[in-house]
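Structure record follows, encoded as structure tokens.
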Amino acid sequence: MLLQLNIKNFALIEKLTISFESGFNVFSGETGAGKSILIDAINYALGGKFNKDLIRTGENKTFVEAVFTIENPKTLEILEEKDIKSEEDLVIISRESFQSGRTVAKINDKSILLSDLRDISSTLLDIHGQHDNQNLLSEEKHIEYLDYYGESSIFDIIEEYRKDYQRLNTIKDKIYQLSGKSEDREKLIDFLKYQINEIDSADLKEMEENELGEKYNILSNAEKINNVINKCYISLYSGEEGKNSIYDNFGIVLKQLNSIKDIMPQVEDICTSLQNIYYAIEGNIDEIRSMKDSIYCDKNELEYINNRIYQINGLKKKYGNTIMDILNYKDKIKAEYEEMKDVSDVIKNLNSEKIKLENLLKVKGKKLHEMRCKIAHDLEENVKNELNFIGLEHSIFKIEVNFEDKFTSKGMDKVKFCISTNPGEPLKPLEKVVSGGELSRIMLALKTVFVDKDHIPSVIFDEIDTGISGRIAQSVAEKMYTISKKHQVFCVTHLPQIACMSDTHYWVSKNISNNKTYTKVTKMKKAEKEYEIARMIGGEKVTKLTLEHAKELVRMADSKKCKIK
């Protein structure tokens with residue numbers, strides 16, 4: 001569950017630390033005080049969208065940190081997958097964003113991508129607001145709701161179906177590619193053959209470029225190399241006119257030193273060292289002599305190397321950045337060429353496989369349809385029970401699962417949630433529900449049915465009280481309190497019926513100081529809670545009568561809470 005929230009420079013909040021409790025938590029306060037800002041701050045910390053308006057005016061950055069206990073096994077699984085350590089079964093999420101647009105997100109002090117942050121945070125807390133209502137109204141999402149409800153029973157068959165569906169699409173794409181106009185196909189075959197022949201005729205070798213480069217450097221600089229080598233050879237061995245070579249001088253030095261080593265023993269080490277150098281010079285002279293005789297400017301070979309490098313560069317412009325790329329490209333188009341030569345047989349085999357897969361998918365699609373119908377019936381009953389509890393007892397909730405002769409990634413079904421909220425009214429799609437109060441309650445009913453399936457420990461209901469009041473508001477409050485027996489629940493509300501059912505009540509207020517606006521959050525004691533509920537009932541002026549009424553509401557709520565298990 002969410003233990004603590006630390007906020008700095010977020011919208012109207014300059015600095016705020018709030019500790020939260022388990023059970024049913026309620027936020028209330030004047031319109032515009034900043035209740036929704038708290039929800040926005042939590043959503044931001046969990047990887048939600050960021051814009052610069054969230055940074056408090058006059059500041060360079062915003063920071064939000066949320067501390068959670070780990071209660072969902074899936075949280076631990078994802079943390080292990082992403083190599084994030086957790087100490088004392090806590091997850092500490094922090095996110096910092098700057099005016100420049102740069103964002104830094106961390107989990108347990110380890111920097112993390114926003115996509116990974118969202119994966120983890122989705123197992124910790126669920127924010128239910130207007131966006132969820134829009135999803136509920138979208139008919140395309142209804143099949144996802146249904147499959148999620150029956151996930152444990154249909155997951156395997158859906159995965160099998162999807163694999164076969166992907167294979168079918170791959171085959172269809174292949175058939176489409178190969179079934180172009182015959183004339184175009186022949187042109188492509190000729191073109192591929194030309195490319196293969198051009199690469200083959202070049203007879204490329206993987207390391208050829210390096211070898212050609214080395215040879216080109218030597219041949220193009222042959223004159224300079226010969227001059228240098230000849231001079232070195234003369235200095236080392238032949239000697240210039242009237243002068244001894246280095247080799248000869250070394251021999252003389254060695255002969256003279258050897259003549260005195262018996263007299264002066266310490267000379268022996270010098271002799272040994274110089275002897276080694278003498279032999280090394282002798283070996284290098286042999287190497288230089290060999291090089292001197294082998295290096296000459298062969299104009300024909302230089303021309304061949306130039307032409308070869310030009311040929312390779314031409315192929316690189318067409319087929320790849322390196323010789324290896326060119327050879328790999330040749331292998332690829334050769335396989336394509338061989339396949340296209342036998343295209344008729346290939347298309348025939350692919351069509352045969354396509355028919356088999358379509359028949360298999362129909363069988364699996366039918367089985368999936370039958371399972372969805374059973375799941376839909378079960379979901380209808382559970383949603384209807386919840387609707388009865390929150391004042392829609394005359395409603396009829398129906399899930400249409402229509403089998404269509406069309407393959408999609410989700411099966412062959414079209415799923416639509418329909419409802420009739422008043423006796424005598426026909427079933428209508430959910431998007432035809434005009435009343436905001438009815439829509440909020442329908443969403444709450446669905447959420448109640450789903451909440452125990454996802455194992456998410458904390459739930460936020462934002463704007464759940466839209467368009468409701470009186471007895472209906474009381475029923476909604478009791479339903480949210482029921483959810484809070486197994487989950488930590490947060491709710492932003494303006495209704496006293498909901499506020500009085502809270503386990504913990506937070507007052508959100510807005511203060512102005514030095515021409516700056518500040519949002520403050522206070523955890524209320526019982527007397528303060530009663531006063532706030534009295535304000536909800538009577539408006540700005542709290543009278544003795546409204547205060548007594550508030551106290552009575554709280555007493556009645558406490559009595560009901562004791563009976564809810």
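FYI, nothing fancy with the structure tokens labels: chains A, B, ... in order, residues from 1 per chain, ligands from 1 as they appear.
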
I'd like the neighbourhood of A:Lys174 as an mmCIF file with C-alpha atoms, in the first residue's frame, where a residue qualifies if any of its atoms comes within 10 Å (using only C-alpha atoms), though same-chain residues fewer than 5 positions away should be ignored.
```cif
data_model
loop_
_atom_site.group_PDB
_atom_site.id
_atom_site.type_symbol
_atom_site.label_atom_id
_atom_site.label_comp_id
_atom_site.auth_asym_id
_atom_site.auth_seq_id
_atom_site.Cartn_x
_atom_site.Cartn_y
_atom_site.Cartn_z
ATOM 1 C CA LEU A 168 -1.612 -16.822 -40.780
ATOM 2 C CA ASN A 169 -0.815 -13.148 -41.340
ATOM 3 C CA SER A 179 1.438 -13.105 -56.219
ATOM 4 C CA VAL A 346 5.614 -21.988 -53.247
ATOM 5 C CA ILE A 347 2.281 -20.122 -53.565
ATOM 6 C CA LEU A 350 1.418 -21.487 -48.836
#
```

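The neighbours of A:Arg471 here are the residues that come within 12 Å of it, using only C-alpha atoms and leaving out any residue fewer than 2 positions away in the same chain; they are Phe389, Ile390, Gly391, Leu392, Ile468, Ser469, Ala473, Gln474, Ser475, Val476, Ala477, Glu478, Leu495, Pro496, Gln497 and Ile498 of chain A.
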
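Taking atom CA of A:Thr408 and atom CA of A:Asp378 as endpoints, the distance between them is 24.3 Å.
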
Mind listing the alpha helix (DSSP H) residues of stretch 391-520 of chain A, per DSSP on the backbone, as a ChimeraX atom specification? /A:436-451,470-484,496-499

Writer output for current selection, C-alpha atoms, as an mmCIF file, in the first residue's frame:
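again.cif was written with the following content:
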```cif
data_model
loop_
_atom_site.group_PDB
_atom_site.id
_atom_site.type_symbol
_atom_site.label_atom_id
_atom_site.label_comp_id
_atom_site.auth_asym_id
_atom_site.auth_seq_id
_atom_site.Cartn_x
_atom_site.Cartn_y
_atom_site.Cartn_z
ATOM 1 C CA GLY A 436 -22.891 10.994 -15.379
ATOM 2 C CA GLY A 437 -24.138 9.559 -12.100
ATOM 3 C CA GLU A 438 -25.248 6.323 -13.746
ATOM 4 C CA LEU A 439 -21.981 6.010 -15.632
ATOM 5 C CA SER A 440 -19.939 6.512 -12.457
ATOM 6 C CA ARG A 441 -21.931 3.832 -10.667
ATOM 7 C CA ILE A 442 -21.678 1.389 -13.575
ATOM 8 C CA MET A 443 -17.926 1.905 -13.571
ATOM 9 C CA LEU A 444 -17.798 1.399 -9.807
ATOM 10 C CA ALA A 445 -19.770 -1.841 -10.168
ATOM 11 C CA LEU A 446 -17.327 -3.123 -12.776
ATOM 12 C CA LYS A 447 -14.356 -1.979 -10.707
ATOM 13 C CA THR A 448 -15.709 -3.812 -7.683
ATOM 14 C CA VAL A 449 -15.994 -7.015 -9.695
ATOM 15 C CA PHE A 450 -12.473 -6.683 -11.092
ATOM 16 C CA VAL A 451 -10.630 -5.320 -8.066
ATOM 17 C CA GLY A 470 -28.649 11.059 -1.204
ATOM 18 C CA ARG A 471 -29.283 7.325 -0.804
ATOM 19 C CA ILE A 472 -27.275 6.478 -3.930
ATOM 20 C CA ALA A 473 -24.261 8.325 -2.527
ATOM 21 C CA GLN A 474 -24.614 6.306 0.674
ATOM 22 C CA SER A 475 -24.668 3.045 -1.289
ATOM 23 C CA VAL A 476 -21.591 4.090 -3.272
ATOM 24 C CA ALA A 477 -19.820 4.978 -0.018
ATOM 25 C CA GLU A 478 -20.609 1.587 1.490
ATOM 26 C CA LYS A 479 -19.377 -0.150 -1.650
ATOM 27 C CA MET A 480 -16.065 1.724 -1.577
ATOM 28 C CA TYR A 481 -15.695 0.947 2.114
ATOM 29 C CA THR A 482 -16.295 -2.736 1.320
ATOM 30 C CA ILE A 483 -13.467 -2.602 -1.214
ATOM 31 C CA SER A 484 -11.254 -0.940 1.415
ATOM 32 C CA PRO A 496 -20.866 13.933 3.159
ATOM 33 C CA GLN A 497 -22.308 10.409 2.682
ATOM 34 C CA ILE A 498 -18.947 9.245 1.302
ATOM 35 C CA ALA A 499 -16.776 11.297 3.665
#
```

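For the set A:Gly251, A:Gly314, A:Gly48, A:Pro429, the residue with the smallest atom-to-atom gap to A:His142 is A:Pro429, counting only C-alpha atoms.
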
Hey, what's within 7 Å of A:Asn72 if we count only C-alpha atoms and toss same-chain stuff fewer than 4 positions away? As a VMD selection string, please? chain A and resid 123 455 to 457
